[in-house]
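Raw contents of final_27.pdb, PDB, C-alpha atoms:
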MODEL        1
ATOM      1  CA  MET T   1     105.120  93.808  67.295  1.00  0.00           C
ATOM      2  CA  THR T   2     102.073  93.514  69.468  1.00  0.00           C
ATOM      3  CA  THR T   3     100.074  96.563  70.331  1.00  0.00           C
ATOM      4  CA  ALA T   4      99.714  97.617  73.926  1.00  0.00           C
ATOM      5  CA  THR T   5      96.628  96.778  75.946  1.00  0.00           C
ATOM      6  CA  ARG T   6      95.281  99.228  78.491  1.00  0.00           C
ATOM      7  CA  LEU T   7      93.275  98.184  81.518  1.00  0.00           C
ATOM      8  CA  PRO T   8      91.551 100.596  83.889  1.00  0.00           C
ATOM      9  CA  ILE T   9      92.505 100.087  87.555  1.00  0.00           C
ATOM     10  CA  ARG T  10      89.855 101.228  89.990  1.00  0.00           C
ATOM     11  CA  THR T  11      88.742  98.350  92.187  1.00  0.00           C
ATOM     12  CA  GLU T  12      90.253  95.291  93.835  1.00  0.00           C
ATOM     13  CA  HIS T  13      88.690  93.215  91.042  1.00  0.00           C
ATOM     14  CA  ASP T  14      90.744  95.179  88.499  1.00  0.00           C
ATOM     15  CA  ILE T  15      93.874  94.067  90.390  1.00  0.00           C
ATOM     16  CA  VAL T  16      92.936  90.428  89.772  1.00  0.00           C
ATOM     17  CA  ALA T  17      92.085  91.148  86.114  1.00  0.00           C
ATOM     18  CA  ALA T  18      95.400  93.010  85.590  1.00  0.00           C
ATOM     19  CA  ARG T  19      97.570  90.201  86.900  1.00  0.00           C
ATOM     20  CA  GLN T  20      95.649  87.594  84.923  1.00  0.00           C
ATOM     21  CA  HIS T  21      96.047  89.657  81.754  1.00  0.00           C
ATOM     22  CA  GLY T  22      99.748  90.224  82.450  1.00  0.00           C
ATOM     23  CA  ARG T  23     100.369  86.553  83.133  1.00  0.00           C
ATOM     24  CA  GLU T  24      98.713  85.583  79.827  1.00  0.00           C
ATOM     25  CA  LEU T  25     100.778  88.100  77.879  1.00  0.00           C
ATOM     26  CA  ALA T  26     103.955  86.942  79.664  1.00  0.00           C
ATOM     27  CA  GLU T  27     103.156  83.351  78.726  1.00  0.00           C
ATOM     28  CA  ARG T  28     102.662  84.311  75.060  1.00  0.00           C
ATOM     29  CA  THR T  29     105.942  86.263  75.207  1.00  0.00           C
ATOM     30  CA  GLY T  30     107.875  83.171  76.265  1.00  0.00           C
ATOM     31  CA  PHE T  31     108.126  83.382  80.036  1.00  0.00           C
ATOM     32  CA  GLU T  32     107.823  80.136  81.967  1.00  0.00           C
ATOM     33  CA  GLY T  33     107.225  78.724  85.411  1.00  0.00           C
ATOM     34  CA  SER T  34     108.196  80.892  88.352  1.00  0.00           C
ATOM     35  CA  GLU T  35     108.845  83.900  86.087  1.00  0.00           C
ATOM     36  CA  LEU T  36     105.106  84.034  85.339  1.00  0.00           C
ATOM     37  CA  THR T  37     104.341  84.129  89.048  1.00  0.00           C
ATOM     38  CA  VAL T  38     107.022  86.771  89.630  1.00  0.00           C
ATOM     39  CA  ILE T  39     105.516  89.007  86.909  1.00  0.00           C
ATOM     40  CA  ALA T  40     101.951  88.499  88.155  1.00  0.00           C
ATOM     41  CA  THR T  41     103.067  89.385  91.694  1.00  0.00           C
ATOM     42  CA  ALA T  42     104.766  92.595  90.539  1.00  0.00           C
ATOM     43  CA  ILE T  43     101.620  93.578  88.593  1.00  0.00           C
ATOM     44  CA  SER T  44      99.555  92.915  91.688  1.00  0.00           C
ATOM     45  CA  GLU T  45     101.721  95.239  93.785  1.00  0.00           C
ATOM     46  CA  LEU T  46     101.633  98.047  91.195  1.00  0.00           C
ATOM     47  CA  ALA T  47      97.875  97.755  90.678  1.00  0.00           C
ATOM     48  CA  ARG T  48      97.277  97.706  94.415  1.00  0.00           C
ATOM     49  CA  ASN T  49      99.386 100.822  94.773  1.00  0.00           C
ATOM     50  CA  ILE T  50      97.041 102.622  92.356  1.00  0.00           C
ATOM     51  CA  VAL T  51      93.853 101.457  94.103  1.00  0.00           C
ATOM     52  CA  GLN T  52      95.248 102.265  97.540  1.00  0.00           C
ATOM     53  CA  TYR T  53      96.772 105.682  96.960  1.00  0.00           C
ATOM     54  CA  ALA T  54      95.347 107.140  93.740  1.00  0.00           C
ATOM     55  CA  GLU T  55      91.947 105.394  93.673  1.00  0.00           C
ATOM     56  CA  ARG T  56      92.050 105.168  89.908  1.00  0.00           C
ATOM     57  CA  GLY T  57      94.537 104.800  87.129  1.00  0.00           C
ATOM     58  CA  GLU T  58      95.454 102.448  84.329  1.00  0.00           C
ATOM     59  CA  MET T  59      97.983  99.824  83.399  1.00  0.00           C
ATOM     60  CA  GLU T  60      99.421  99.295  79.962  1.00  0.00           C
ATOM     61  CA  PHE T  61     100.841  95.945  78.915  1.00  0.00           C
ATOM     62  CA  ALA T  62     103.059  95.325  75.900  1.00  0.00           C
ATOM     63  CA  ALA T  63     105.543  92.821  74.586  1.00  0.00           C
ATOM     64  CA  ALA T  64     109.013  94.262  74.008  1.00  0.00           C
ATOM     65  CA  THR T  65     112.236  93.383  72.230  1.00  0.00           C
ATOM     66  CA  GLY T  66     115.712  94.639  73.014  1.00  0.00           C
ATOM     67  CA  ASN T  67     119.247  93.305  72.490  1.00  0.00           C
ATOM     68  CA  GLY T  68     117.742  90.320  70.712  1.00  0.00           C
ATOM     69  CA  ARG T  69     115.692  89.399  73.745  1.00  0.00           C
ATOM     70  CA  ARG T  70     111.957  89.302  74.248  1.00  0.00           C
ATOM     71  CA  GLY T  71     110.310  90.815  77.239  1.00  0.00           C
ATOM     72  CA  ILE T  72     107.265  92.430  78.751  1.00  0.00           C
ATOM     73  CA  VAL T  73     106.761  96.096  79.618  1.00  0.00           C
ATOM     74  CA  ILE T  74     104.132  97.261  82.063  1.00  0.00           C
ATOM     75  CA  VAL T  75     103.354 100.912  82.690  1.00  0.00           C
ATOM     76  CA  ALA T  76     101.203 101.869  85.682  1.00  0.00           C
ATOM     77  CA  THR T  77      99.852 105.420  85.540  1.00  0.00           C
ATOM     78  CA  ASP T  78      97.685 107.366  87.912  1.00  0.00           C
ATOM     79  CA  GLU T  79      96.711 110.960  88.506  1.00  0.00           C
ATOM     80  CA  GLY T  80      96.718 110.536  92.255  1.00  0.00           C
ATOM     81  CA  PRO T  81      98.409 112.568  94.979  1.00  0.00           C
ATOM     82  CA  GLY T  82     101.927 111.621  93.833  1.00  0.00           C
ATOM     83  CA  ILE T  83     104.766 110.457  96.078  1.00  0.00           C
ATOM     84  CA  PRO T  84     106.539 113.268  97.981  1.00  0.00           C
ATOM     85  CA  ASP T  85     109.658 111.223  98.739  1.00  0.00           C
ATOM     86  CA  VAL T  86     110.249 108.623  96.031  1.00  0.00           C
ATOM     87  CA  GLU T  87     113.580 107.485  97.514  1.00  0.00           C
ATOM     88  CA  ARG T  88     111.893 106.703 100.780  1.00  0.00           C
ATOM     89  CA  ALA T  89     108.907 105.003  99.137  1.00  0.00           C
ATOM     90  CA  LEU T  90     111.396 102.594  97.585  1.00  0.00           C
ATOM     91  CA  GLU T  91     112.824 101.587 100.962  1.00  0.00           C
ATOM     92  CA  ASP T  92     111.653  98.319 102.470  1.00  0.00           C
ATOM     93  CA  GLY T  93     109.131  98.701 105.215  1.00  0.00           C
ATOM     94  CA  TYR T  94     108.221 102.301 104.470  1.00  0.00           C
ATOM     95  CA  SER T  95     104.489 102.721 104.158  1.00  0.00           C
ATOM     96  CA  THR T  96     102.033 105.534 104.709  1.00  0.00           C
ATOM     97  CA  SER T  97      99.172 103.044 104.798  1.00  0.00           C
ATOM     98  CA  ARG T  98      98.613  99.974 106.908  1.00  0.00           C
ATOM     99  CA  SER T  99     100.573  97.747 104.552  1.00  0.00           C
ATOM    100  CA  LEU T 100     103.850  95.906 104.868  1.00  0.00           C
ATOM    101  CA  GLY T 101     105.608  98.627 102.871  1.00  0.00           C
ATOM    102  CA  LEU T 102     106.935  96.123 100.392  1.00  0.00           C
ATOM    103  CA  GLY T 103     104.839  97.033  97.361  1.00  0.00           C
ATOM    104  CA  LEU T 104     107.153  99.339  95.395  1.00  0.00           C
ATOM    105  CA  PRO T 105     110.541  98.005  96.561  1.00  0.00           C
ATOM    106  CA  GLY T 106     109.165  94.489  96.067  1.00  0.00           C
ATOM    107  CA  ALA T 107     107.997  95.204  92.522  1.00  0.00           C
ATOM    108  CA  ARG T 108     111.433  96.670  91.786  1.00  0.00           C
ATOM    109  CA  ARG T 109     113.162  93.514  93.015  1.00  0.00           C
ATOM    110  CA  LEU T 110     110.844  91.257  91.035  1.00  0.00           C
ATOM    111  CA  MET T 111     111.412  92.979  87.699  1.00  0.00           C
ATOM    112  CA  ASP T 112     114.608  93.613  85.695  1.00  0.00           C
ATOM    113  CA  GLU T 113     114.048  97.317  85.083  1.00  0.00           C
ATOM    114  CA  PHE T 114     112.128  99.831  87.166  1.00  0.00           C
ATOM    115  CA  GLU T 115     111.534 103.500  86.375  1.00  0.00           C
ATOM    116  CA  ILE T 116     109.417 105.805  88.452  1.00  0.00           C
ATOM    117  CA  SER T 117     108.416 109.421  88.020  1.00  0.00           C
ATOM    118  CA  SER T 118     106.096 111.129  90.419  1.00  0.00           C
ATOM    119  CA  THR T 119     104.936 114.691  90.916  1.00  0.00           C
ATOM    120  CA  VAL T 120     103.010 115.724  93.998  1.00  0.00           C
ATOM    121  CA  GLY T 121      99.492 116.751  93.030  1.00  0.00           C
ATOM    122  CA  GLU T 122      99.831 115.353  89.504  1.00  0.00           C
ATOM    123  CA  GLY T 123     100.375 111.641  89.794  1.00  0.00           C
ATOM    124  CA  THR T 124     102.758 108.753  89.409  1.00  0.00           C
ATOM    125  CA  THR T 125     104.020 106.700  86.482  1.00  0.00           C
ATOM    126  CA  ILE T 126     105.925 103.475  87.030  1.00  0.00           C
ATOM    127  CA  LYS T 127     107.406 101.497  84.170  1.00  0.00           C
ATOM    128  CA  VAL T 128     108.704  97.988  84.745  1.00  0.00           C
ATOM    129  CA  THR T 129     110.325  95.582  82.302  1.00  0.00           C
ATOM    130  CA  LYS T 130     111.271  91.950  82.528  1.00  0.00           C
ATOM    131  CA  TRP T 131     113.271  90.005  79.950  1.00  0.00           C
ATOM    132  CA  VAL T 132     112.920  86.339  79.125  1.00  0.00           C
ATOM    133  CA  SER T 133     115.924  84.509  80.598  1.00  0.00           C
ATOM    134  CA  GLU T 134     118.472  83.248  78.091  1.00  0.00           C
ATOM    135  CA  PRO T 135     118.424  79.473  77.810  1.00  0.00           C
ATOM    136  CA  SER T 136     121.501  78.282  79.695  1.00  0.00           C
TER     137      SER T 136
ATOM    138  CA  MET R   1      82.563  85.209  96.716  1.00  0.00           C
ATOM    139  CA  THR R   2      82.631  84.043 100.324  1.00  0.00           C
ATOM    140  CA  ILE R   3      85.374  81.541 101.156  1.00  0.00           C
ATOM    141  CA  PRO R   4      83.657  78.496 102.706  1.00  0.00           C
ATOM    142  CA  ILE R   5      84.841  77.269 106.105  1.00  0.00           C
ATOM    143  CA  LEU R   6      84.582  73.524 106.764  1.00  0.00           C
ATOM    144  CA  LYS R   7      84.628  71.918 110.177  1.00  0.00           C
ATOM    145  CA  GLN R   8      86.477  68.672 110.798  1.00  0.00           C
ATOM    146  CA  GLY R   9      86.403  67.726 114.457  1.00  0.00           C
ATOM    147  CA  GLY R  10      88.020  70.570 116.353  1.00  0.00           C
ATOM    148  CA  ILE R  11      89.654  72.000 113.243  1.00  0.00           C
ATOM    149  CA  LEU R  12      88.335  74.658 110.861  1.00  0.00           C
ATOM    150  CA  ILE R  13      89.483  74.410 107.249  1.00  0.00           C
ATOM    151  CA  ALA R  14      89.258  77.233 104.691  1.00  0.00           C
ATOM    152  CA  SER R  15      90.377  76.762 101.086  1.00  0.00           C
ATOM    153  CA  VAL R  16      91.211  79.993  99.289  1.00  0.00           C
ATOM    154  CA  GLN R  17      90.517  80.092  95.534  1.00  0.00           C
ATOM    155  CA  SER R  18      92.878  81.556  92.943  1.00  0.00           C
ATOM    156  CA  ALA R  19      90.943  84.688  91.947  1.00  0.00           C
ATOM    157  CA  VAL R  20      90.149  85.720  95.498  1.00  0.00           C
ATOM    158  CA  SER R  21      89.564  89.446  96.039  1.00  0.00           C
ATOM    159  CA  ASP R  22      90.934  91.558  98.894  1.00  0.00           C
ATOM    160  CA  GLY R  23      87.434  91.821 100.329  1.00  0.00           C
ATOM    161  CA  ASP R  24      86.975  88.028 100.335  1.00  0.00           C
ATOM    162  CA  LEU R  25      90.198  87.590 102.310  1.00  0.00           C
ATOM    163  CA  ALA R  26      89.288  90.306 104.796  1.00  0.00           C
ATOM    164  CA  ARG R  27      85.896  88.614 105.272  1.00  0.00           C
ATOM    165  CA  LEU R  28      87.601  85.272 105.837  1.00  0.00           C
ATOM    166  CA  GLU R  29      89.637  86.845 108.632  1.00  0.00           C
ATOM    167  CA  ALA R  30      86.480  88.044 110.379  1.00  0.00           C
ATOM    168  CA  ASP R  31      84.542  84.823 109.690  1.00  0.00           C
ATOM    169  CA  LEU R  32      87.319  82.636 111.115  1.00  0.00           C
ATOM    170  CA  ALA R  33      87.564  84.725 114.278  1.00  0.00           C
ATOM    171  CA  THR R  34      83.817  84.263 114.812  1.00  0.00           C
ATOM    172  CA  ARG R  35      83.713  80.565 113.916  1.00  0.00           C
ATOM    173  CA  VAL R  36      86.650  79.734 116.220  1.00  0.00           C
ATOM    174  CA  GLY R  37      84.435  80.858 119.080  1.00  0.00           C
ATOM    175  CA  LEU R  38      81.192  79.325 117.819  1.00  0.00           C
ATOM    176  CA  GLU R  39      82.724  75.913 117.090  1.00  0.00           C
ATOM    177  CA  ARG R  40      85.183  75.943 120.008  1.00  0.00           C
ATOM    178  CA  SER R  41      87.967  75.197 117.527  1.00  0.00           C
ATOM    179  CA  SER R  42      91.562  75.096 118.659  1.00  0.00           C
ATOM    180  CA  GLY R  43      93.046  74.655 115.195  1.00  0.00           C
ATOM    181  CA  VAL R  44      92.593  76.455 111.871  1.00  0.00           C
ATOM    182  CA  VAL R  45      93.997  75.382 108.516  1.00  0.00           C
ATOM    183  CA  VAL R  46      94.089  77.891 105.650  1.00  0.00           C
ATOM    184  CA  ASP R  47      94.696  76.096 102.356  1.00  0.00           C
ATOM    185  CA  VAL R  48      96.288  78.306  99.680  1.00  0.00           C
ATOM    186  CA  THR R  49      97.080  75.505  97.205  1.00  0.00           C
ATOM    187  CA  ALA R  50      94.952  77.146  94.472  1.00  0.00           C
ATOM    188  CA  MET R  51      96.524  80.588  94.813  1.00  0.00           C
ATOM    189  CA  ASP R  52      98.883  81.348  91.931  1.00  0.00           C
ATOM    190  CA  VAL R  53      99.818  84.800  93.237  1.00  0.00           C
ATOM    191  CA  MET R  54     100.378  85.949  96.805  1.00  0.00           C
ATOM    192  CA  ASP R  55     101.302  89.605  97.069  1.00  0.00           C
ATOM    193  CA  SER R  56     102.063  91.737 100.120  1.00  0.00           C
ATOM    194  CA  PHE R  57      98.373  92.299 100.876  1.00  0.00           C
ATOM    195  CA  THR R  58      97.646  88.567 100.828  1.00  0.00           C
ATOM    196  CA  ILE R  59     100.564  87.854 103.132  1.00  0.00           C
ATOM    197  CA  ARG R  60      99.592  90.645 105.487  1.00  0.00           C
ATOM    198  CA  THR R  61      96.070  89.239 105.731  1.00  0.00           C
ATOM    199  CA  LEU R  62      97.362  85.704 106.398  1.00  0.00           C
ATOM    200  CA  LEU R  63      99.597  87.104 109.169  1.00  0.00           C
ATOM    201  CA  GLU R  64      96.613  88.918 110.651  1.00  0.00           C
ATOM    202  CA  ILE R  65      94.421  85.801 110.454  1.00  0.00           C
ATOM    203  CA  THR R  66      97.081  83.872 112.360  1.00  0.00           C
ATOM    204  CA  ARG R  67      97.422  86.548 115.051  1.00  0.00           C
ATOM    205  CA  VAL R  68      93.674  87.075 115.485  1.00  0.00           C
ATOM    206  CA  ASN R  69      93.045  83.320 115.776  1.00  0.00           C
ATOM    207  CA  LYS R  70      95.887  83.062 118.281  1.00  0.00           C
ATOM    208  CA  LEU R  71      94.196  85.664 120.454  1.00  0.00           C
ATOM    209  CA  ARG R  72      91.002  83.641 120.142  1.00  0.00           C
ATOM    210  CA  GLY R  73      92.827  80.538 121.358  1.00  0.00           C
ATOM    211  CA  ALA R  74      93.316  78.719 118.071  1.00  0.00           C
ATOM    212  CA  GLU R  75      96.483  77.780 116.251  1.00  0.00           C
ATOM    213  CA  THR R  76      96.651  78.456 112.489  1.00  0.00           C
ATOM    214  CA  ILE R  77      98.606  76.547 109.872  1.00  0.00           C
ATOM    215  CA  ILE R  78      98.964  77.774 106.280  1.00  0.00           C
ATOM    216  CA  VAL R  79      99.163  74.890 103.817  1.00  0.00           C
ATOM    217  CA  GLY R  80      99.917  74.468 100.120  1.00  0.00           C
ATOM    218  CA  ILE R  81     102.087  77.464  99.198  1.00  0.00           C
ATOM    219  CA  GLN R  82     103.135  76.582  95.641  1.00  0.00           C
ATOM    220  CA  PRO R  83     106.871  76.449  94.745  1.00  0.00           C
ATOM    221  CA  ASP R  84     106.607  79.357  92.264  1.00  0.00           C
ATOM    222  CA  VAL R  85     104.677  81.408  94.796  1.00  0.00           C
ATOM    223  CA  ALA R  86     107.259  80.708  97.512  1.00  0.00           C
ATOM    224  CA  PHE R  87     110.007  81.772  95.106  1.00  0.00           C
ATOM    225  CA  SER R  88     108.215  85.066  94.303  1.00  0.00           C
ATOM    226  CA  MET R  89     107.514  85.742  97.975  1.00  0.00           C
ATOM    227  CA  VAL R  90     111.201  85.433  98.846  1.00  0.00           C
ATOM    228  CA  GLN R  91     112.166  87.774  95.976  1.00  0.00           C
ATOM    229  CA  LEU R  92     109.514  90.226  97.086  1.00  0.00           C
ATOM    230  CA  GLY R  93     111.003  90.162 100.584  1.00  0.00           C
ATOM    231  CA  LEU R  94     108.012  88.487 102.201  1.00  0.00           C
ATOM    232  CA  THR R  95     108.279  85.892 104.904  1.00  0.00           C
ATOM    233  CA  LEU R  96     105.677  84.332 107.131  1.00  0.00           C
ATOM    234  CA  GLU R  97     107.735  84.815 110.276  1.00  0.00           C
ATOM    235  CA  GLY R  98     106.114  83.123 113.240  1.00  0.00           C
ATOM    236  CA  VAL R  99     103.492  81.384 111.120  1.00  0.00           C
ATOM    237  CA  ARG R 100     103.358  77.613 110.912  1.00  0.00           C
ATOM    238  CA  THR R 101     103.207  76.188 107.395  1.00  0.00           C
ATOM    239  CA  ALA R 102     102.722  72.680 106.039  1.00  0.00           C
ATOM    240  CA  LEU R 103     102.917  71.048 102.650  1.00  0.00           C
ATOM    241  CA  ASP R 104      99.358  69.778 102.614  1.00  0.00           C
ATOM    242  CA  LEU R 105      96.171  69.340 104.595  1.00  0.00           C
ATOM    243  CA  GLY R 106      97.112  65.922 105.973  1.00  0.00           C
ATOM    244  CA  GLU R 107     100.387  67.169 107.391  1.00  0.00           C
ATOM    245  CA  ALA R 108      98.666  70.205 108.931  1.00  0.00           C
ATOM    246  CA  VAL R 109      96.078  67.990 110.635  1.00  0.00           C
ATOM    247  CA  ASN R 110      98.904  65.815 111.994  1.00  0.00           C
ATOM    248  CA  MET R 111     100.725  68.887 113.275  1.00  0.00           C
ATOM    249  CA  LEU R 112      97.612  70.087 115.066  1.00  0.00           C
ATOM    250  CA  GLY R 113      97.370  66.663 116.666  1.00  0.00           C
ATOM    251  CA  ALA R 114      94.579  64.236 117.340  1.00  0.00           C
ATOM    252  CA  SER R 115      93.220  66.323 120.238  1.00  0.00           C
ATOM    253  CA  HIS R 116      92.159  69.015 117.786  1.00  0.00           C
ATOM    254  CA  LEU R 117      90.431  66.496 115.555  1.00  0.00           C
ATOM    255  CA  ASN R 118      88.301  65.194 118.393  1.00  0.00           C
ATOM    256  CA  GLY R 119      87.395  68.656 119.498  1.00  0.00           C
ATOM    257  CA  HIS R 120      87.197  69.882 123.039  1.00  0.00           C
ATOM    258  CA  VAL R 121      85.241  68.008 125.637  1.00  0.00           C
TER     259      VAL R 121
ENDMDL
END

Please rewrite the model in this file as structure tokens.
Amino acid sequence: MTTATRLPIRTEHDIVAARQHGRELAERTGFEGSELTVIATAISELARNIVQYAERGEMEFAAATGNGRRGIVIVATDEGPGIPDVERALEDGYSTSRSLGLGLPGARRLMDEFEISSTVGEGTTIKVTKWVSEPS
Amino acid sequence: MTIPILKQGGILIASVQSAVSDGDLARLEADLATRVGLERSSGVVVDVTAMDVMDSFTIRTLLEITRVNKLRGAETIIVGIQPDVAFSMVQLGLTLEGVRTALDLGEAVNMLGASHLNGHV
């Protein structure tokens, strides 16, 4: 059991550091090829969400096991403004900033599991998990 | 870290590195718009071969670069999107609708045609 690593997310450079860290952990966990890119992309979207809307937050990275499979769990936490309409924020193309509106729904599609809890005025926590594919 | 812009005949070539920051990309957009005018370039190639992650911000900036250059009279071709990156982009729901892409630099230069290479007279 590996312990979780926490990285502060404040600047655009932290976004790059977060996805590099996540990719390395994913590689050690047993992910390969395009899965590594998929995970790094999801991390990038979640980290960017923090920088863009909450200004600061943190991301926690840990290896996971479940049902005999190995995986990676990433938790993105911020104490930003929160998301008033979570359902809507998860729709493609919905954005309150000048982005493509694909960040959250995209991250959800890229990962196997996606949990979000958000309270206006308190912040947002998003937990994503991806499992190593079974060898076919 | 500023992304260098090379000039080859009438074509401008910018190679984006893997750990590029949002600010670097935004600067590239502005730099290319200026250089297109200064160099009288009618073609721009943005090489993303080294990029191992392209998220929605990256794609949005590439779309903007293409549109801005178009308004400045230059055609843009994105080259070198890696297979894994293409796969992730599709899963993410990202496309480069309306943007010309090529496998590598040579193909992009061919697509832009010899007239671009010789520059305007």

* To do: Could you list the residues chosen by the PyMOL selection byres ((chain R and resi 61) around 10) in this structure as JSON, numbers by chain?
  => {"T": [99], "R": [22, 25, 26, 28, 29, 56, 57, 58, 59, 60, 62, 63, 64, 65, 66, 67]}

Per residue of stretch 10-94 of chain T within 9 Å of stretch 118-126 of chain T, what are the shortest atom pair and its distance in Å to one decimal, counting only C-alpha atoms, with rows by chain and residue number, as JSON lines?
{"residue": "T:Leu46", "atom": "CA", "partner": "T:Ile126", "partner_atom": "CA", "distance": 8.1}
{"residue": "T:Ile50", "atom": "CA", "partner": "T:Thr124", "partner_atom": "CA", "distance": 8.9}
{"residue": "T:Ala54", "atom": "CA", "partner": "T:Gly123", "partner_atom": "CA", "distance": 7.8}
{"residue": "T:Ile74", "atom": "CA", "partner": "T:Ile126", "partner_atom": "CA", "distance": 8.2}
{"residue": "T:Val75", "atom": "CA", "partner": "T:Ile126", "partner_atom": "CA", "distance": 5.7}
{"residue": "T:Ala76", "atom": "CA", "partner": "T:Ile126", "partner_atom": "CA", "distance": 5.2}
{"residue": "T:Thr77", "atom": "CA", "partner": "T:Thr125", "partner_atom": "CA", "distance": 4.5}
{"residue": "T:Asp78", "atom": "CA", "partner": "T:Gly123", "partner_atom": "CA", "distance": 5.4}
{"residue": "T:Glu79", "atom": "CA", "partner": "T:Gly123", "partner_atom": "CA", "distance": 3.9}
{"residue": "T:Gly80", "atom": "CA", "partner": "T:Gly123", "partner_atom": "CA", "distance": 4.5}
{"residue": "T:Pro81", "atom": "CA", "partner": "T:Gly121", "partner_atom": "CA", "distance": 4.7}
{"residue": "T:Gly82", "atom": "CA", "partner": "T:Val120", "partner_atom": "CA", "distance": 4.2}
{"residue": "T:Ile83", "atom": "CA", "partner": "T:Ser118", "partner_atom": "CA", "distance": 5.9}
{"residue": "T:Pro84", "atom": "CA", "partner": "T:Val120", "partner_atom": "CA", "distance": 5.9}
{"residue": "T:Val86", "atom": "CA", "partner": "T:Ser118", "partner_atom": "CA", "distance": 7.4}

* Selected residue, from T:Arg28, T:His13, T:His21, T:Lys127, that lies nearest to chain R when counting all atoms listed in the file ->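 Smallest separation from chain R among the options: T:His13.
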
* Which neighbours of R:Asp104 fall inside 7 Å, counting only C-alpha atoms, when residues of the same chain fewer than 3 positions from it are skipped, and could you give them as a list in words? ->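 Contacts, in chain order: Val79, Gly80, Glu107 and Ala108 of chain R.
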
* To do: Mind giving me the straight-line distance from atom CA of R:Asn69 to atom CA of T:Val51 in Å, one decimal?
  => 28.3 Å

* Option closest in space to chain T, from R:Gly93, R:Gly113, R:Gly10, R:Gly43 [counting all atoms listed in the file] ->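 Using all atoms listed in the file, chain T sits closest to R:Gly93.
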